[in-house]
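Everything below belongs to query.cif, which stores mmCIF, C-alpha atoms.
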```cif
data_query
#
loop_
_atom_site.group_PDB
_atom_site.id
_atom_site.type_symbol
_atom_site.label_atom_id
_atom_site.label_comp_id
_atom_site.auth_asym_id
_atom_site.auth_seq_id
_atom_site.Cartn_x
_atom_site.Cartn_y
_atom_site.Cartn_z
ATOM 1 C CA MET E 1 131.845 118.001 97.234
ATOM 2 C CA LYS E 2 130.901 114.429 96.465
ATOM 3 C CA PRO E 3 128.127 112.552 98.286
ATOM 4 C CA GLY E 4 129.424 110.938 101.421
ATOM 5 C CA ASN E 5 132.214 113.515 101.790
ATOM 6 C CA SER E 6 132.801 114.182 105.488
ATOM 7 C CA LEU E 7 133.168 117.877 104.629
ATOM 8 C CA MET E 8 129.633 118.068 103.247
ATOM 9 C CA LYS E 9 127.651 120.969 104.655
ATOM 10 C CA HIS E 10 123.953 121.762 104.882
ATOM 11 C CA TYR E 11 122.421 125.235 105.181
ATOM 12 C CA LEU E 12 119.403 124.841 107.457
ATOM 13 C CA GLN E 13 119.798 127.862 109.749
ATOM 14 C CA PHE E 14 121.811 131.061 109.533
ATOM 15 C CA LYS E 15 123.994 129.967 112.451
ATOM 16 C CA ASP E 16 125.176 126.920 110.451
ATOM 17 C CA PHE E 17 127.973 129.081 109.007
ATOM 18 C CA ARG E 18 130.680 131.111 110.740
ATOM 19 C CA ALA E 19 131.345 134.814 110.203
ATOM 20 C CA GLU E 20 134.389 134.126 108.014
ATOM 21 C CA GLU E 21 132.306 131.829 105.804
ATOM 22 C CA TYR E 22 129.808 134.635 105.317
ATOM 23 C CA ALA E 23 132.609 137.030 104.410
ATOM 24 C CA TYR E 24 133.641 134.549 101.712
ATOM 25 C CA LEU E 25 130.047 134.066 100.492
ATOM 26 C CA PHE E 26 129.392 137.810 100.231
ATOM 27 C CA GLU E 27 132.576 138.266 98.209
ATOM 28 C CA ARG E 28 131.616 135.371 95.920
ATOM 29 C CA ALA E 29 128.112 136.814 95.515
ATOM 30 C CA ARG E 30 129.630 140.153 94.516
ATOM 31 C CA ASN E 31 131.871 138.441 91.971
ATOM 32 C CA ILE E 32 129.039 136.296 90.569
ATOM 33 C CA LYS E 33 126.690 139.289 90.359
ATOM 34 C CA THR E 34 129.309 141.353 88.513
ATOM 35 C CA ARG E 35 129.715 138.587 85.935
ATOM 36 C CA PHE E 36 125.936 138.335 85.576
ATOM 37 C CA LYS E 37 125.597 142.088 84.984
ATOM 38 C CA ASN E 38 128.397 141.973 82.413
ATOM 39 C CA TYR E 39 126.779 139.045 80.571
ATOM 40 C CA GLU E 40 129.817 136.875 81.297
ATOM 41 C CA LYS E 41 129.070 133.170 81.068
ATOM 42 C CA TYR E 42 129.980 131.390 84.290
ATOM 43 C CA GLN E 43 128.932 127.753 84.592
ATOM 44 C CA PRO E 44 130.847 125.901 87.320
ATOM 45 C CA LEU E 45 127.914 123.572 88.045
ATOM 46 C CA VAL E 46 127.641 121.842 84.669
ATOM 47 C CA ASP E 47 126.164 118.340 85.043
ATOM 48 C CA ARG E 48 124.958 119.127 88.584
ATOM 49 C CA THR E 49 121.265 118.767 89.418
ATOM 50 C CA LEU E 50 119.261 120.708 92.001
ATOM 51 C CA ALA E 51 116.057 119.188 93.393
ATOM 52 C CA MET E 52 113.604 121.844 94.608
ATOM 53 C CA ILE E 53 110.908 120.538 96.931
ATOM 54 C CA PHE E 54 107.994 122.859 97.696
ATOM 55 C CA GLU E 55 105.397 122.228 100.373
ATOM 56 C CA LYS E 56 104.811 125.989 100.592
ATOM 57 C CA ALA E 57 104.086 128.030 97.476
ATOM 58 C CA SER E 58 106.763 130.413 96.248
ATOM 59 C CA THR E 59 107.598 133.060 93.669
ATOM 60 C CA ARG E 60 111.007 134.505 94.556
ATOM 61 C CA THR E 61 112.414 131.282 95.996
ATOM 62 C CA ARG E 62 111.518 129.225 92.950
ATOM 63 C CA VAL E 63 112.615 131.772 90.350
ATOM 64 C CA SER E 64 115.887 132.628 92.108
ATOM 65 C CA PHE E 65 116.972 129.024 92.706
ATOM 66 C CA GLU E 66 115.822 127.716 89.332
ATOM 67 C CA ALA E 67 117.243 130.577 87.273
ATOM 68 C CA GLY E 68 120.417 130.533 89.355
ATOM 69 C CA MET E 69 121.067 126.835 88.832
ATOM 70 C CA TYR E 70 120.483 127.096 85.074
ATOM 71 C CA GLN E 71 122.747 130.145 84.851
ATOM 72 C CA MET E 72 125.480 128.182 86.653
ATOM 73 C CA GLY E 73 125.210 125.432 84.036
ATOM 74 C CA GLY E 74 123.192 122.911 86.065
ATOM 75 C CA SER E 75 119.709 121.494 85.793
ATOM 76 C CA VAL E 76 116.645 121.525 88.049
ATOM 77 C CA VAL E 77 113.994 119.042 89.171
ATOM 78 C CA HIS E 78 110.908 120.738 90.624
ATOM 79 C CA LEU E 79 108.729 118.803 93.085
ATOM 80 C CA THR E 80 105.624 119.792 95.028
ATOM 81 C CA THR E 81 103.570 117.881 97.587
ATOM 82 C CA GLY E 82 101.131 117.094 94.789
ATOM 83 C CA ASP E 83 103.703 115.131 92.793
ATOM 84 C CA SER E 84 105.949 113.664 95.480
ATOM 85 C CA GLN E 85 105.599 111.375 98.479
ATOM 86 C CA LEU E 86 107.575 113.580 100.882
ATOM 87 C CA GLY E 87 106.296 112.940 104.385
ATOM 88 C CA ARG E 88 102.957 111.662 103.116
ATOM 89 C CA ALA E 89 102.872 108.044 101.967
ATOM 90 C CA GLU E 90 106.629 107.779 102.535
ATOM 91 C CA PRO E 91 108.683 108.775 105.583
ATOM 92 C CA VAL E 92 110.774 111.882 104.992
ATOM 93 C CA GLU E 93 113.902 109.871 105.839
ATOM 94 C CA ASP E 94 113.186 107.437 102.985
ATOM 95 C CA SER E 95 112.519 110.281 100.549
ATOM 96 C CA ALA E 96 115.867 111.781 101.514
ATOM 97 C CA ARG E 97 117.699 108.507 100.937
ATOM 98 C CA VAL E 98 116.187 108.136 97.464
ATOM 99 C CA ILE E 99 116.241 111.733 96.179
ATOM 100 C CA SER E 100 119.796 112.360 97.347
ATOM 101 C CA ARG E 101 121.046 109.392 95.304
ATOM 102 C CA MET E 102 119.721 111.017 92.115
ATOM 103 C CA VAL E 103 120.654 114.685 92.470
ATOM 104 C CA ASP E 104 123.610 116.731 93.716
ATOM 105 C CA ILE E 105 121.901 119.272 95.984
ATOM 106 C CA VAL E 106 118.411 119.767 97.456
ATOM 107 C CA MET E 107 116.449 122.900 98.376
ATOM 108 C CA ILE E 108 113.331 122.442 100.522
ATOM 109 C CA ARG E 109 110.619 124.979 101.328
ATOM 110 C CA THR E 110 108.327 123.474 103.948
ATOM 111 C CA TYR E 111 106.489 124.025 107.222
ATOM 112 C CA GLU E 112 108.235 122.417 110.199
ATOM 113 C CA GLN E 113 111.980 122.803 110.635
ATOM 114 C CA ALA E 114 111.991 119.246 111.983
ATOM 115 C CA LYS E 115 111.084 117.940 108.528
ATOM 116 C CA ILE E 116 114.048 119.563 106.794
ATOM 117 C CA GLU E 117 116.346 118.528 109.651
ATOM 118 C CA GLY E 118 115.150 114.938 109.253
ATOM 119 C CA PHE E 119 115.698 115.063 105.498
ATOM 120 C CA ALA E 120 119.207 116.470 105.875
ATOM 121 C CA ALA E 121 120.145 113.823 108.449
ATOM 122 C CA HIS E 122 119.540 111.107 105.847
ATOM 123 C CA SER E 123 120.730 112.959 102.733
ATOM 124 C CA ARG E 124 123.935 112.117 100.855
ATOM 125 C CA VAL E 125 124.037 115.643 99.373
ATOM 126 C CA PRO E 126 123.819 119.214 100.737
ATOM 127 C CA VAL E 127 120.371 120.463 101.776
ATOM 128 C CA ILE E 128 119.331 124.134 101.746
ATOM 129 C CA ASN E 129 116.488 125.646 103.745
ATOM 130 C CA GLY E 130 114.344 127.632 101.295
ATOM 131 C CA LEU E 131 112.022 128.604 104.189
ATOM 132 C CA THR E 132 110.445 126.912 107.181
ATOM 133 C CA ASN E 133 108.057 128.159 109.858
ATOM 134 C CA GLU E 134 111.065 128.773 112.076
ATOM 135 C CA TYR E 135 113.805 130.161 109.806
ATOM 136 C CA HIS E 136 114.483 131.830 106.454
ATOM 137 C CA PRO E 137 118.290 131.939 106.134
ATOM 138 C CA CYS E 138 118.515 132.527 102.366
ATOM 139 C CA GLN E 139 116.426 135.687 102.662
ATOM 140 C CA ILE E 140 118.575 137.147 105.432
ATOM 141 C CA LEU E 141 121.659 136.194 103.411
ATOM 142 C CA ALA E 142 120.291 138.356 100.589
ATOM 143 C CA ASP E 143 119.259 141.154 102.952
ATOM 144 C CA ILE E 144 122.705 141.466 104.521
ATOM 145 C CA PHE E 145 124.413 141.321 101.126
ATOM 146 C CA THR E 146 122.113 144.151 100.002
ATOM 147 C CA PHE E 147 123.017 146.204 103.078
ATOM 148 C CA ILE E 148 126.726 145.653 102.400
ATOM 149 C CA GLU E 149 126.288 146.780 98.785
ATOM 150 C CA HIS E 150 124.621 150.024 99.863
ATOM 151 C CA ARG E 151 126.255 150.849 103.204
ATOM 152 C CA GLY E 152 129.274 148.613 103.777
ATOM 153 C CA SER E 153 129.820 146.279 106.720
ATOM 154 C CA ILE E 154 126.824 145.538 108.932
ATOM 155 C CA GLN E 155 129.038 144.852 111.948
ATOM 156 C CA GLY E 156 128.177 147.203 114.814
ATOM 157 C CA LYS E 157 125.030 148.477 113.089
ATOM 158 C CA VAL E 158 121.412 148.469 114.322
ATOM 159 C CA VAL E 159 118.611 146.667 112.483
ATOM 160 C CA ALA E 160 115.031 147.454 113.532
ATOM 161 C CA TRP E 161 112.570 144.597 113.177
ATOM 162 C CA VAL E 162 108.957 145.828 113.246
ATOM 163 C CA GLY E 163 106.099 143.309 113.222
ATOM 164 C CA ASP E 164 105.687 139.591 113.755
ATOM 165 C CA GLY E 165 108.183 137.528 115.753
ATOM 166 C CA ASN E 166 108.317 135.035 112.876
ATOM 167 C CA ASN E 167 110.912 133.049 110.923
ATOM 168 C CA MET E 168 112.467 136.245 109.565
ATOM 169 C CA ALA E 169 112.826 137.728 113.048
ATOM 170 C CA ASN E 170 114.359 134.498 114.356
ATOM 171 C CA THR E 171 116.890 134.508 111.553
ATOM 172 C CA TRP E 172 117.782 138.182 112.045
ATOM 173 C CA LEU E 173 118.669 137.343 115.656
ATOM 174 C CA GLN E 174 120.918 134.494 114.539
ATOM 175 C CA ALA E 175 122.578 136.792 112.007
ATOM 176 C CA ALA E 176 123.167 139.481 114.648
ATOM 177 C CA GLU E 177 124.863 136.997 116.951
ATOM 178 C CA THR E 178 126.984 135.568 114.116
ATOM 179 C CA LEU E 179 128.021 138.813 112.450
ATOM 180 C CA GLY E 180 128.181 141.236 115.378
ATOM 181 C CA PHE E 181 125.306 143.688 115.055
ATOM 182 C CA THR E 182 122.180 144.456 117.101
ATOM 183 C CA VAL E 183 118.505 143.879 116.304
ATOM 184 C CA HIS E 184 115.874 146.151 117.848
ATOM 185 C CA VAL E 185 112.710 144.063 118.016
ATOM 186 C CA SER E 186 109.184 145.422 118.385
ATOM 187 C CA THR E 187 106.179 143.113 118.100
ATOM 188 C CA PRO E 188 102.595 143.251 119.352
ATOM 189 C CA SER E 189 101.892 141.489 122.623
ATOM 190 C CA GLY E 190 101.506 137.765 122.034
ATOM 191 C CA TYR E 191 103.669 137.771 118.892
ATOM 192 C CA GLU E 192 107.099 138.136 120.500
ATOM 193 C CA VAL E 193 110.311 136.540 119.278
ATOM 194 C CA ASP E 194 111.304 133.491 121.311
ATOM 195 C CA PRO E 195 115.117 133.725 121.779
ATOM 196 C CA GLN E 196 115.248 130.023 122.606
ATOM 197 C CA LEU E 197 113.518 129.121 119.329
ATOM 198 C CA ALA E 198 115.727 131.600 117.500
ATOM 199 C CA GLY E 199 118.664 129.720 118.952
ATOM 200 C CA VAL E 200 120.652 132.714 120.203
ATOM 201 C CA ARG E 201 122.783 132.542 123.332
ATOM 202 C CA ASP E 202 123.993 136.144 123.511
ATOM 203 C CA SER E 203 121.183 138.414 124.715
ATOM 204 C CA ARG E 204 123.320 141.446 123.833
ATOM 205 C CA CYS E 205 122.625 140.909 120.123
ATOM 206 C CA PHE E 206 119.013 142.083 120.453
ATOM 207 C CA LYS E 207 116.865 144.536 122.406
ATOM 208 C CA VAL E 208 113.082 144.407 122.789
ATOM 209 C CA PHE E 209 110.880 147.511 122.579
ATOM 210 C CA ASN E 210 107.167 147.802 123.282
ATOM 211 C CA HIS E 211 106.664 150.551 120.713
ATOM 212 C CA PRO E 212 107.957 150.290 117.137
ATOM 213 C CA MET E 213 108.992 153.954 117.106
ATOM 214 C CA GLN E 214 111.459 153.223 119.901
ATOM 215 C CA ALA E 215 112.873 150.261 118.001
ATOM 216 C CA CYS E 216 113.477 152.431 114.925
ATOM 217 C CA GLU E 217 115.374 155.172 116.782
ATOM 218 C CA GLY E 218 118.912 155.329 115.407
ATOM 219 C CA ALA E 219 118.494 152.224 113.241
ATOM 220 C CA HIS E 220 120.627 151.802 110.128
ATOM 221 C CA LEU E 221 118.084 149.424 108.610
ATOM 222 C CA VAL E 222 114.326 149.157 109.192
ATOM 223 C CA THR E 223 112.692 145.946 108.042
ATOM 224 C CA THR E 224 109.385 144.125 108.349
ATOM 225 C CA ASP E 225 107.261 141.324 106.919
ATOM 226 C CA VAL E 226 103.599 140.571 106.309
ATOM 227 C CA TRP E 227 101.414 140.408 109.406
ATOM 228 C CA THR E 228 100.124 136.956 108.515
ATOM 229 C CA SER E 229 102.720 134.483 107.291
ATOM 230 C CA MET E 230 101.885 131.483 105.121
ATOM 231 C CA GLY E 231 100.182 128.802 107.186
ATOM 232 C CA TYR E 232 98.600 131.268 109.626
ATOM 233 C CA GLU E 233 95.800 132.548 107.393
ATOM 234 C CA ALA E 234 93.106 131.536 109.918
ATOM 235 C CA GLU E 235 94.504 134.217 112.253
ATOM 236 C CA ASN E 236 94.352 136.973 109.626
ATOM 237 C CA GLU E 237 91.572 139.145 111.094
ATOM 238 C CA GLU E 238 92.868 138.794 114.633
ATOM 239 C CA ARG E 239 96.348 139.754 113.478
ATOM 240 C CA ARG E 240 95.143 142.790 111.520
ATOM 241 C CA LYS E 241 93.719 144.203 114.734
ATOM 242 C CA ALA E 242 96.766 143.350 116.862
ATOM 243 C CA PHE E 243 99.305 144.768 114.390
ATOM 244 C CA VAL E 244 97.578 148.034 113.491
ATOM 245 C CA ASP E 245 100.283 150.164 115.167
ATOM 246 C CA TRP E 246 103.117 148.172 113.581
ATOM 247 C CA CYS E 247 102.927 149.700 110.095
ATOM 248 C CA VAL E 248 106.295 151.113 109.035
ATOM 249 C CA ASP E 249 105.651 154.699 107.964
ATOM 250 C CA ASP E 250 107.491 157.961 107.349
ATOM 251 C CA GLU E 251 107.510 158.793 111.066
ATOM 252 C CA MET E 252 109.349 155.588 111.918
ATOM 253 C CA MET E 253 111.878 156.121 109.128
ATOM 254 C CA ALA E 254 112.373 159.726 110.315
ATOM 255 C CA VAL E 255 113.685 158.625 113.734
ATOM 256 C CA ALA E 256 116.087 156.107 112.176
ATOM 257 C CA GLN E 257 119.487 157.172 110.830
ATOM 258 C CA PRO E 258 119.192 159.805 108.069
ATOM 259 C CA ASP E 259 120.579 157.300 105.541
ATOM 260 C CA ALA E 260 118.673 154.294 106.936
ATOM 261 C CA LEU E 261 117.508 151.673 104.450
ATOM 262 C CA PHE E 262 114.115 149.965 104.334
ATOM 263 C CA MET E 263 113.754 146.283 103.432
ATOM 264 C CA HIS E 264 110.880 143.829 103.056
ATOM 265 C CA CYS E 265 111.212 140.204 101.942
ATOM 266 C CA LEU E 266 107.998 140.498 99.842
ATOM 267 C CA PRO E 267 105.222 140.044 98.939
ATOM 268 C CA ALA E 268 104.161 143.298 100.610
ATOM 269 C CA HIS E 269 100.743 144.634 101.516
ATOM 270 C CA ARG E 270 100.902 148.414 101.184
ATOM 271 C CA GLY E 271 98.841 150.056 103.889
ATOM 272 C CA GLU E 272 99.261 147.127 106.287
ATOM 273 C CA GLU E 273 102.822 146.369 107.435
ATOM 274 C CA VAL E 274 104.297 149.275 105.419
ATOM 275 C CA THR E 275 103.000 152.401 103.748
ATOM 276 C CA ALA E 276 103.339 152.904 100.009
ATOM 277 C CA GLU E 277 105.384 156.043 100.711
ATOM 278 C CA VAL E 278 108.058 154.000 102.473
ATOM 279 C CA ILE E 279 108.274 150.882 100.297
ATOM 280 C CA ASP E 280 108.170 152.942 97.101
ATOM 281 C CA GLY E 281 110.287 155.751 98.544
ATOM 282 C CA PRO E 282 113.969 156.654 98.203
ATOM 283 C CA GLN E 283 115.143 154.699 101.262
ATOM 284 C CA SER E 284 113.623 151.434 100.054
ATOM 285 C CA VAL E 285 115.952 148.852 98.499
ATOM 286 C CA VAL E 286 113.394 146.041 98.241
ATOM 287 C CA TRP E 287 113.956 145.427 94.526
ATOM 288 C CA ASP E 288 117.729 145.122 94.944
ATOM 289 C CA GLU E 289 117.009 142.878 97.931
ATOM 290 C CA ALA E 290 114.728 140.648 95.874
ATOM 291 C CA GLU E 291 117.231 140.364 93.005
ATOM 292 C CA ASN E 292 120.031 139.535 95.395
ATOM 293 C CA ARG E 293 118.343 136.255 96.329
ATOM 294 C CA LEU E 294 119.569 135.090 92.915
ATOM 295 C CA HIS E 295 123.181 136.079 93.461
ATOM 296 C CA VAL E 296 123.691 134.942 97.059
ATOM 297 C CA GLN E 297 122.036 131.594 96.372
ATOM 298 C CA LYS E 298 124.294 131.005 93.388
ATOM 299 C CA ALA E 299 127.260 131.669 95.670
ATOM 300 C CA LEU E 300 125.745 129.371 98.297
ATOM 301 C CA MET E 301 125.197 126.479 95.878
ATOM 302 C CA GLU E 302 128.700 126.910 94.474
ATOM 303 C CA TYR E 303 130.140 126.788 98.007
ATOM 304 C CA LEU E 304 128.136 123.763 99.107
ATOM 305 C CA LEU E 305 129.002 121.802 95.950
ATOM 306 C CA LEU E 306 132.558 122.923 95.143
ATOM 307 C CA GLY E 307 133.934 124.387 98.362
ATOM 308 C CA ARG E 308 136.008 127.537 98.202
ATOM 309 C CA ILE E 309 136.999 128.809 94.785
ATOM 310 C CA GLY E 310 140.560 130.077 94.447
#
```

How would this structure read if it were set down as structure tokens?
Amino acid sequence: MKPGNSLMKHYLQFKDFRAEEYAYLFERARNIKTRFKNYEKYQPLVDRTLAMIFEKASTRTRVSFEAGMYQMGGSVVHLTTGDSQLGRAEPVEDSARVISRMVDIVMIRTYEQAKIEGFAAHSRVPVINGLTNEYHPCQILADIFTFIEHRGSIQGKVVAWVGDGNNMANTWLQAAETLGFTVHVSTPSGYEVDPQLAGVRDSRCFKVFNHPMQACEGAHLVTTDVWTSMGYEAENEERRKAFVDWCVDDEMMAVAQPDALFMHCLPAHRGEEVTAEVIDGPQSVVWDEAENRLHVQKALMEYLLLGRIG
């Protein structure tokens, strides 16, 4: 899609796309992954340039987007707050106007959602949320694709979220509302998910439990995240005390479905939010989940730049 096209889309929250768009994306991701595994060259994005802007450090986000764009035939410009003026000496709106005239697509990993929303509002090209304090749509895209690979459709299933009511939890709620499944949420007091911030209107898509064991009962997928997300390091000791009972262990997995999967967006702290026995055990699919960031993001970039293929 060319800059200025009225059909141009951004991907800033999970709810930006409809269920049928996700069905298309998951099928494209499967196709693209199969080609990758078979060493088939597939480069539909030749002469396209991705700008990656990082205000928060990253391993998986940078590697998956950068490798993915190169594998699709494009090129990458990598920017950090140390070598750009984004929101510092230059308004974010001005940065958007300039950068989007020089590249074809932008991925931003930053703190406030308002910053990426402001950038997208003044961008001539598609903008992807690589993570904000509020949402992490690319990660949930990969997580759901991983579930589909292992267990089929997620519609009607139960996902147990154990831990912090953070950007991952917010995005799981949006995904549940969009794709028709239920999230069982259990967080320590004071760290609850805010449904209004999550942006969900249907309260039937999630249930809140005081104890994590209750949330895990009957779940098809159990998932968690670090207790202290990036940007909240000052709260680390306080959080370690508050979250002590929210460590996913064998007992929690035992009350879930017998074939329940375990996921974690990584990096993980074994012995804190999850035991080594669970994350390194037979129900864990965290390495498939991590790899699938590459494949779903390639499908996402292809869709945002070229529209539907075939």

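For the file at hand, the PyMOL selection byres ((chain E and resi 97) around 10) resolves to Val92, Glu93, Asp94, Ser95, Ala96, Val98, Ile99, Ser100, Arg101, Met102, Phe119, Ala120, Ala121, His122, Ser123, Arg124 and Val125 of chain E.
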
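Using all atoms listed in the file, the residues found no farther than 10 Å from range 187-192 of chain E, other than those of its own chain fewer than 3 positions away, are Trp161, Val162, Gly163, Asp164, Gly165, Asn166, Ala169, Pro195, Val208, Phe209, Asn210, His211, Pro212, Ala215, Arg239, Ala242, Phe243, Val244, Asp245 and Trp246 of chain E.
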
(message) I want to know what sits within 7 Å of range 69-85 of chain E, based on all atoms listed in the file, with residues of the same chain fewer than 4 positions away left out; could you give that as a list in words?
(response)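 What passes the distance filter is Tyr42, Gln43, Pro44, Leu45, Val46, Asp47, Arg48, Thr49, Leu50, Ala51, Met52, Ile53, Phe54, Glu55, Phe65, Ala89, Glu90 and Lys298 of chain E.
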
(request) Just say which residues the PyMOL selection byres ((chain E and resi 18) around 12) picks in this file, as JSON, numbers by chain. (result) {"E": [11, 13, 14, 15, 16, 17, 19, 20, 21, 22, 23, 24, 25, 174, 175, 176, 177, 178, 179, 180]}

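As for CA of Glu289 in chain E and CA of Ala260 in chain E, they are spaced 14.6 Å apart.
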
(message) If the PyMOL selection byres ((chain E and resi 140-153) around 10) were run on this exact file, what residues would it hold? Put them as an NGL selection string.
(response) :E and (14 or 22-23 or 25-27 or 29-30 or 135-139 or 154-157 or 168-169 or 171-172 or 174-175 or 179 or 181 or 220-221 or 223 or 259-265 or 285-297 or 300)

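For the pair CA of Val158 in chain E and CA of Asp202 in chain E, the separation is 15.6 Å.
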
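Atom pair CA of Gly231 in chain E / CA of Gln113 in chain E: separated by 13.7 Å.
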
(request) Can you work out which one of E:Lys9, E:Leu266, E:Glu134, E:Arg35 has the shortest atom-to-atom distance to Arg60 in chain E, counting all atoms listed in the file? (result) E:Leu266

Give the padded box for range 172-183 of chain E as lines of an AutoDock Vina configuration file: axis-aligned, covering all atoms listed in the file, 6 Å on each side, centre and edge lengths in Å to one decimal.
```
center_x = 123.0
center_y = 139.5
center_z = 114.6
size_x = 22.4
size_y = 22.0
size_z = 17.1
```

(request) Write out as number ranges by chain which residues come within 10 Å of Ala254 in chain E when counting all atoms listed in the file, dropping same-chain ones fewer than 6 positions away. (result) E: 213, 216-218, 260

Based on the selection just made, write C-alpha atoms of those residues as a PDB file, in the coordinates of the input.
```pdb
ATOM      1  CA  MET E 213     108.992 153.954 117.106  1.00  0.00           C
ATOM      2  CA  CYS E 216     113.477 152.431 114.925  1.00  0.00           C
ATOM      3  CA  GLU E 217     115.374 155.172 116.782  1.00  0.00           C
ATOM      4  CA  GLY E 218     118.912 155.329 115.407  1.00  0.00           C
ATOM      5  CA  ALA E 260     118.673 154.294 106.936  1.00  0.00           C
TER       6      ALA E 260
END
```

Start from the incomplete input, build N, CA and C atoms for range 259-271 of chain E, and deliver everything as an mmCIF file, in the frame of the given file.
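The file below, rebuild_34.cif, is the result:
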```cif
data_model
loop_
_atom_site.group_PDB
_atom_site.id
_atom_site.type_symbol
_atom_site.label_atom_id
_atom_site.label_comp_id
_atom_site.auth_asym_id
_atom_site.auth_seq_id
_atom_site.Cartn_x
_atom_site.Cartn_y
_atom_site.Cartn_z
ATOM 1 N N ASP E 259 120.355 158.110 106.744
ATOM 2 C CA ASP E 259 120.579 157.300 105.541
ATOM 3 C C ASP E 259 120.104 155.861 105.735
ATOM 4 N N ALA E 260 119.172 155.646 106.663
ATOM 5 C CA ALA E 260 118.673 154.294 106.936
ATOM 6 C C ALA E 260 118.004 153.704 105.699
ATOM 7 N N LEU E 261 118.149 152.397 105.537
ATOM 8 C CA LEU E 261 117.508 151.673 104.450
ATOM 9 C C LEU E 261 116.222 151.020 104.947
ATOM 10 N N PHE E 262 115.310 150.760 104.021
ATOM 11 C CA PHE E 262 114.115 149.965 104.334
ATOM 12 C C PHE E 262 114.142 148.697 103.492
ATOM 13 N N MET E 263 113.839 147.558 104.139
ATOM 14 C CA MET E 263 113.754 146.283 103.432
ATOM 15 C C MET E 263 112.480 145.537 103.799
ATOM 16 N N HIS E 264 112.060 144.692 102.875
ATOM 17 C CA HIS E 264 110.880 143.829 103.056
ATOM 18 C C HIS E 264 111.114 142.622 102.171
ATOM 19 N N CYS E 265 110.900 141.414 102.714
ATOM 20 C CA CYS E 265 111.212 140.204 101.942
ATOM 21 C C CYS E 265 110.197 139.926 100.834
ATOM 22 N N LEU E 266 109.044 140.617 100.864
ATOM 23 C CA LEU E 266 107.998 140.498 99.842
ATOM 24 C C LEU E 266 107.338 139.111 99.876
ATOM 25 N N PRO E 267 106.085 138.986 99.457
ATOM 26 C CA PRO E 267 105.222 140.044 98.939
ATOM 27 C C PRO E 267 104.788 141.001 100.036
ATOM 28 N N ALA E 268 104.540 142.257 99.654
ATOM 29 C CA ALA E 268 104.161 143.298 100.610
ATOM 30 C C ALA E 268 102.706 143.697 100.431
ATOM 31 N N HIS E 269 102.110 144.113 101.532
ATOM 32 C CA HIS E 269 100.743 144.634 101.516
ATOM 33 C C HIS E 269 100.798 146.106 101.905
ATOM 34 N N ARG E 270 100.830 146.977 100.914
ATOM 35 C CA ARG E 270 100.902 148.414 101.184
ATOM 36 C C ARG E 270 99.673 148.853 101.976
ATOM 37 N N GLY E 271 99.932 149.615 103.024
ATOM 38 C CA GLY E 271 98.841 150.056 103.889
ATOM 39 C C GLY E 271 98.630 149.155 105.085
#
```
